[in-house]
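One structure is given here, and the rest of the page talks about it.
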Amino acid sequence: MKNVQFVFLTLVGVTLVTGVVFFTLVRNNKPMSQSVFSAPIPTISMVPTQIPSYNAQVSSMDSPEGSKTLVLQKIQDSKGATYSAFVSSKSDEPAQQVFYEPTFDSKILSIPFNTWSPDNAYVFLKETTPTIDNYLVFQSSGNSFSNDVPYLSIQELFKKNVPDYTIEDITGWAGPNLLIVNAKLIEEDKKVSFWFELPSQSFIQLGTYFK
Amino acid sequence: MLAQDEQVRPVLGIRTSRGEKHIFVDLATQTLSAYEGDYLFMQTPVSTGLWGKTPTGEFTIWVKLRATRMSGGSGADYYDLPNVPYVMFFSNNEVPASTGFSLHGTYWHNNFGHAMSHGCVNMKTTDAGKLFEWADAPVGQKNGTTITIYDSKSV
C-alpha cells in the first residue's frame, strides 16, 4: 500500500515539475511585441551615389524578307554620343557588331528605310552633319572590306572619283551590289543618278534619274 | 442590316470589324496606306512605275497568289522574275485583269519610296506579306479589297 502511495506521489510530483517547466518555456517563447520598438531607431545618414547620367536611344530596321535586323544604339552623355550598330538574326547566331564610334561633334547617324541590300549582304547608315551628309556602307557579316577598311565612306569615294558632281541623296539598292546615288553637277543644276558598284567600288553614271 | 450588326458586335470587349478595307497608293509620295474603316492598318513606302506607268483609278483585287513568275518588257527592259512573293492582282473595267498589274513583294531591289517598277506596286516583302494576309480576294458575289491609286500632286 505504501508503495502505491509512493508511486502516486512521485507521478504527481513529476507532473507538477513538467507543467512548471512547460509553462516557463512557453512564456519565454511568446513574441515580445512590446519590446520590439522600445529601443530608439538608429538614424542612418544617406549618402547619394552619383550615377552618370546618359540617354540611350535604339532604332532598328528589318531586312526586306525579315530574317535579319540592323540595330543602331546611341548613348548620349555629357561628353558626346557613342554609336554602335549590330546585326541580329532570327536564327540562333549571335548578334554581330558592325560599327562602334564615339563622336564628340554634332554628327548624327541614322538607319535609312532601304538600308539593307536585297541579298542582306550589306547595310548602309546615313551620317548627317551641319555641312554635309555622308553614307557609310558595311558588310552585314561584320567583316572588313579589302585592306582592312571597316566601312566604305561614299562621300570620300565619290569626291575622289566623280569630282564634278555632289551627292544629293542615296536612296537605296537597285540590286544586290548596286547602291543608287543621286547627284547634281556642281556648276549647273543638272541631276544625274549613279550606281555605286560594291565589288569594284566604282560609280556608273545612268541615263535614268531615280527621283 | 446584318452587316451593320456585325460591324459593332464586340467579342471579348473588342470590336472585331472596323469597316470596309481600302488600300490607297499615292504616286506622288510613293506611299501605300491600308485602312479598315477609319483604322490605319499599314502605311509604308512603295515603288511604282518608272519604266512603265502605274494606272490610276479605283480597282479591286481579283486574285491573290502566294508567289508567281513575272516577265515582260523587251530588249534592255526585259525581265523574268521567278517566285515573286505575295502577289495581289487588281483590275477594273478600264484596266482588265489581262494587263497584269499587281501589288507584290520585291526581292530584287530595295529602293522603296522611289519609282522603280514597270507599272506594278513594289513593296518590301515583309510589308507585302502582312498586306496579303489582311486584304481580301473576291468571294462569291463579294468583291476583293478596293485599291485606289492616285497622284496627290495632280488632285
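Ligands are numbered from 1 in the order shown, chains are lettered A, B, ... in the order of the C-alpha cells, and residues start at 1 in each chain.
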DSSP strand (DSSP E) selection over region 8-152 of chain B, as a PDB file with C-alpha atoms, in the first residue's frame:
ATOM      1  CA  PRO B  10     -17.882  43.225 -79.665  1.00  0.00           C
ATOM      2  CA  VAL B  11     -16.123  39.928 -78.962  1.00  0.00           C
ATOM      3  CA  ILE B  14     -13.012  44.086 -78.656  1.00  0.00           C
ATOM      4  CA  ARG B  15     -14.733  45.305 -81.800  1.00  0.00           C
ATOM      5  CA  LYS B  21     -10.994  47.600 -96.177  1.00  0.00           C
ATOM      6  CA  HIS B  22      -9.452  50.082 -98.618  1.00  0.00           C
ATOM      7  CA  ILE B  23      -5.906  50.424 -99.931  1.00  0.00           C
ATOM      8  CA  PHE B  24      -4.624  53.797-101.192  1.00  0.00           C
ATOM      9  CA  VAL B  25      -1.463  54.254-103.249  1.00  0.00           C
ATOM     10  CA  ASP B  26      -0.182  57.805-103.718  1.00  0.00           C
ATOM     11  CA  THR B  31       3.304  55.643-100.154  1.00  0.00           C
ATOM     12  CA  LEU B  32       0.744  52.899 -99.582  1.00  0.00           C
ATOM     13  CA  SER B  33      -1.886  53.287 -96.830  1.00  0.00           C
ATOM     14  CA  ALA B  34      -4.290  50.489 -95.904  1.00  0.00           C
ATOM     15  CA  TYR B  35      -7.426  51.358 -93.939  1.00  0.00           C
ATOM     16  CA  GLU B  36     -10.162  49.319 -92.322  1.00  0.00           C
ATOM     17  CA  TYR B  39      -8.393  52.461 -88.698  1.00  0.00           C
ATOM     18  CA  LEU B  40      -4.983  52.733 -90.381  1.00  0.00           C
ATOM     19  CA  PHE B  41      -3.704  49.174 -90.701  1.00  0.00           C
ATOM     20  CA  MET B  42      -0.484  49.977 -92.573  1.00  0.00           C
ATOM     21  CA  GLN B  43       1.426  52.888 -94.084  1.00  0.00           C
ATOM     22  CA  THR B  44       4.666  52.164 -95.896  1.00  0.00           C
ATOM     23  CA  PRO B  45       6.903  53.377 -98.749  1.00  0.00           C
ATOM     24  CA  GLY B  57      -8.242  54.947-110.564  1.00  0.00           C
ATOM     25  CA  GLU B  58     -10.261  52.613-108.378  1.00  0.00           C
ATOM     26  CA  PHE B  59      -9.609  48.886-108.642  1.00  0.00           C
ATOM     27  CA  THR B  60     -10.414  45.691-106.771  1.00  0.00           C
ATOM     28  CA  ILE B  61      -8.218  42.685-106.077  1.00  0.00           C
ATOM     29  CA  TRP B  62      -9.296  39.862-108.405  1.00  0.00           C
ATOM     30  CA  VAL B  63      -6.858  37.198-107.222  1.00  0.00           C
ATOM     31  CA  LYS B  64      -4.187  36.677-104.560  1.00  0.00           C
ATOM     32  CA  LEU B  65      -1.214  34.391-105.266  1.00  0.00           C
ATOM     33  CA  ARG B  66       1.349  33.416-102.643  1.00  0.00           C
ATOM     34  CA  ALA B  67       4.045  33.520-105.372  1.00  0.00           C
ATOM     35  CA  THR B  68       4.229  33.622-109.154  1.00  0.00           C
ATOM     36  CA  ARG B  69       6.619  34.229-112.040  1.00  0.00           C
ATOM     37  CA  MET B  70       6.582  37.651-113.712  1.00  0.00           C
ATOM     38  CA  SER B  71       8.129  38.520-117.037  1.00  0.00           C
ATOM     39  CA  GLY B  72       7.749  41.298-119.556  1.00  0.00           C
ATOM     40  CA  TYR B  79      12.635  40.985-117.007  1.00  0.00           C
ATOM     41  CA  ASP B  80      11.869  37.453-115.908  1.00  0.00           C
ATOM     42  CA  LEU B  81      11.383  37.096-112.163  1.00  0.00           C
ATOM     43  CA  PRO B  82      10.517  33.712-110.630  1.00  0.00           C
ATOM     44  CA  ASN B  83       8.775  33.380-107.266  1.00  0.00           C
ATOM     45  CA  VAL B  84       7.577  36.950-106.868  1.00  0.00           C
ATOM     46  CA  PRO B  85       6.000  36.765-103.397  1.00  0.00           C
ATOM     47  CA  TYR B  86       2.588  37.878-102.065  1.00  0.00           C
ATOM     48  CA  VAL B  87       1.008  38.961-105.351  1.00  0.00           C
ATOM     49  CA  MET B  88      -2.361  40.759-105.278  1.00  0.00           C
ATOM     50  CA  PHE B  89      -3.552  41.321-108.859  1.00  0.00           C
ATOM     51  CA  PHE B  90      -6.003  44.182-109.335  1.00  0.00           C
ATOM     52  CA  SER B  91      -8.226  45.354-112.185  1.00  0.00           C
ATOM     53  CA  SER B 102      -0.497  43.963-109.001  1.00  0.00           C
ATOM     54  CA  LEU B 103       0.816  44.789-105.566  1.00  0.00           C
ATOM     55  CA  HIS B 104       3.603  42.369-104.636  1.00  0.00           C
ATOM     56  CA  GLY B 105       6.717  41.703-102.557  1.00  0.00           C
ATOM     57  CA  THR B 106      10.102  42.541-104.075  1.00  0.00           C
ATOM     58  CA  VAL B 121       3.333  48.445-106.959  1.00  0.00           C
ATOM     59  CA  ASN B 122       6.525  47.013-105.453  1.00  0.00           C
ATOM     60  CA  MET B 123       6.530  46.502-101.691  1.00  0.00           C
ATOM     61  CA  LYS B 124       9.063  45.403 -99.103  1.00  0.00           C
ATOM     62  CA  THR B 146     -10.662  48.076-103.121  1.00  0.00           C
ATOM     63  CA  ILE B 147      -7.439  49.795-104.230  1.00  0.00           C
ATOM     64  CA  THR B 148      -7.354  53.487-105.142  1.00  0.00           C
ATOM     65  CA  ILE B 149      -4.263  54.678-106.996  1.00  0.00           C
ATOM     66  CA  TYR B 150      -3.897  58.432-107.344  1.00  0.00           C
TER      67      TYR B 150
END
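The list of chain B residues within 9 Å of chain A is Pro45, Leu50, Gly105, Thr106, Tyr107, Trp108, His109, Asn110, Asn111, Phe112, Gly113, His114, Ala115, Met116, Lys124, Thr125, Thr126 and Asp127 of chain B; this uses only C-alpha atoms.
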Within 12 Å of Val162 (chain A) using only C-alpha atoms, minus same-chain residues under 6 positions, as a PyMOL selection string: chain A and resi 154-156+181+183-186+192-194+196+202-205
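Among the candidates A:Asp164, A:Asp92, A:Asp189, A:Asp105, the one nearest to Lys79 (chain A) when counting only C-alpha atoms is A:Asp105.
Taking CA of Asn143 (chain B) and CA of Thr54 (chain B) as the two end points, the separation is 21.6 Å.
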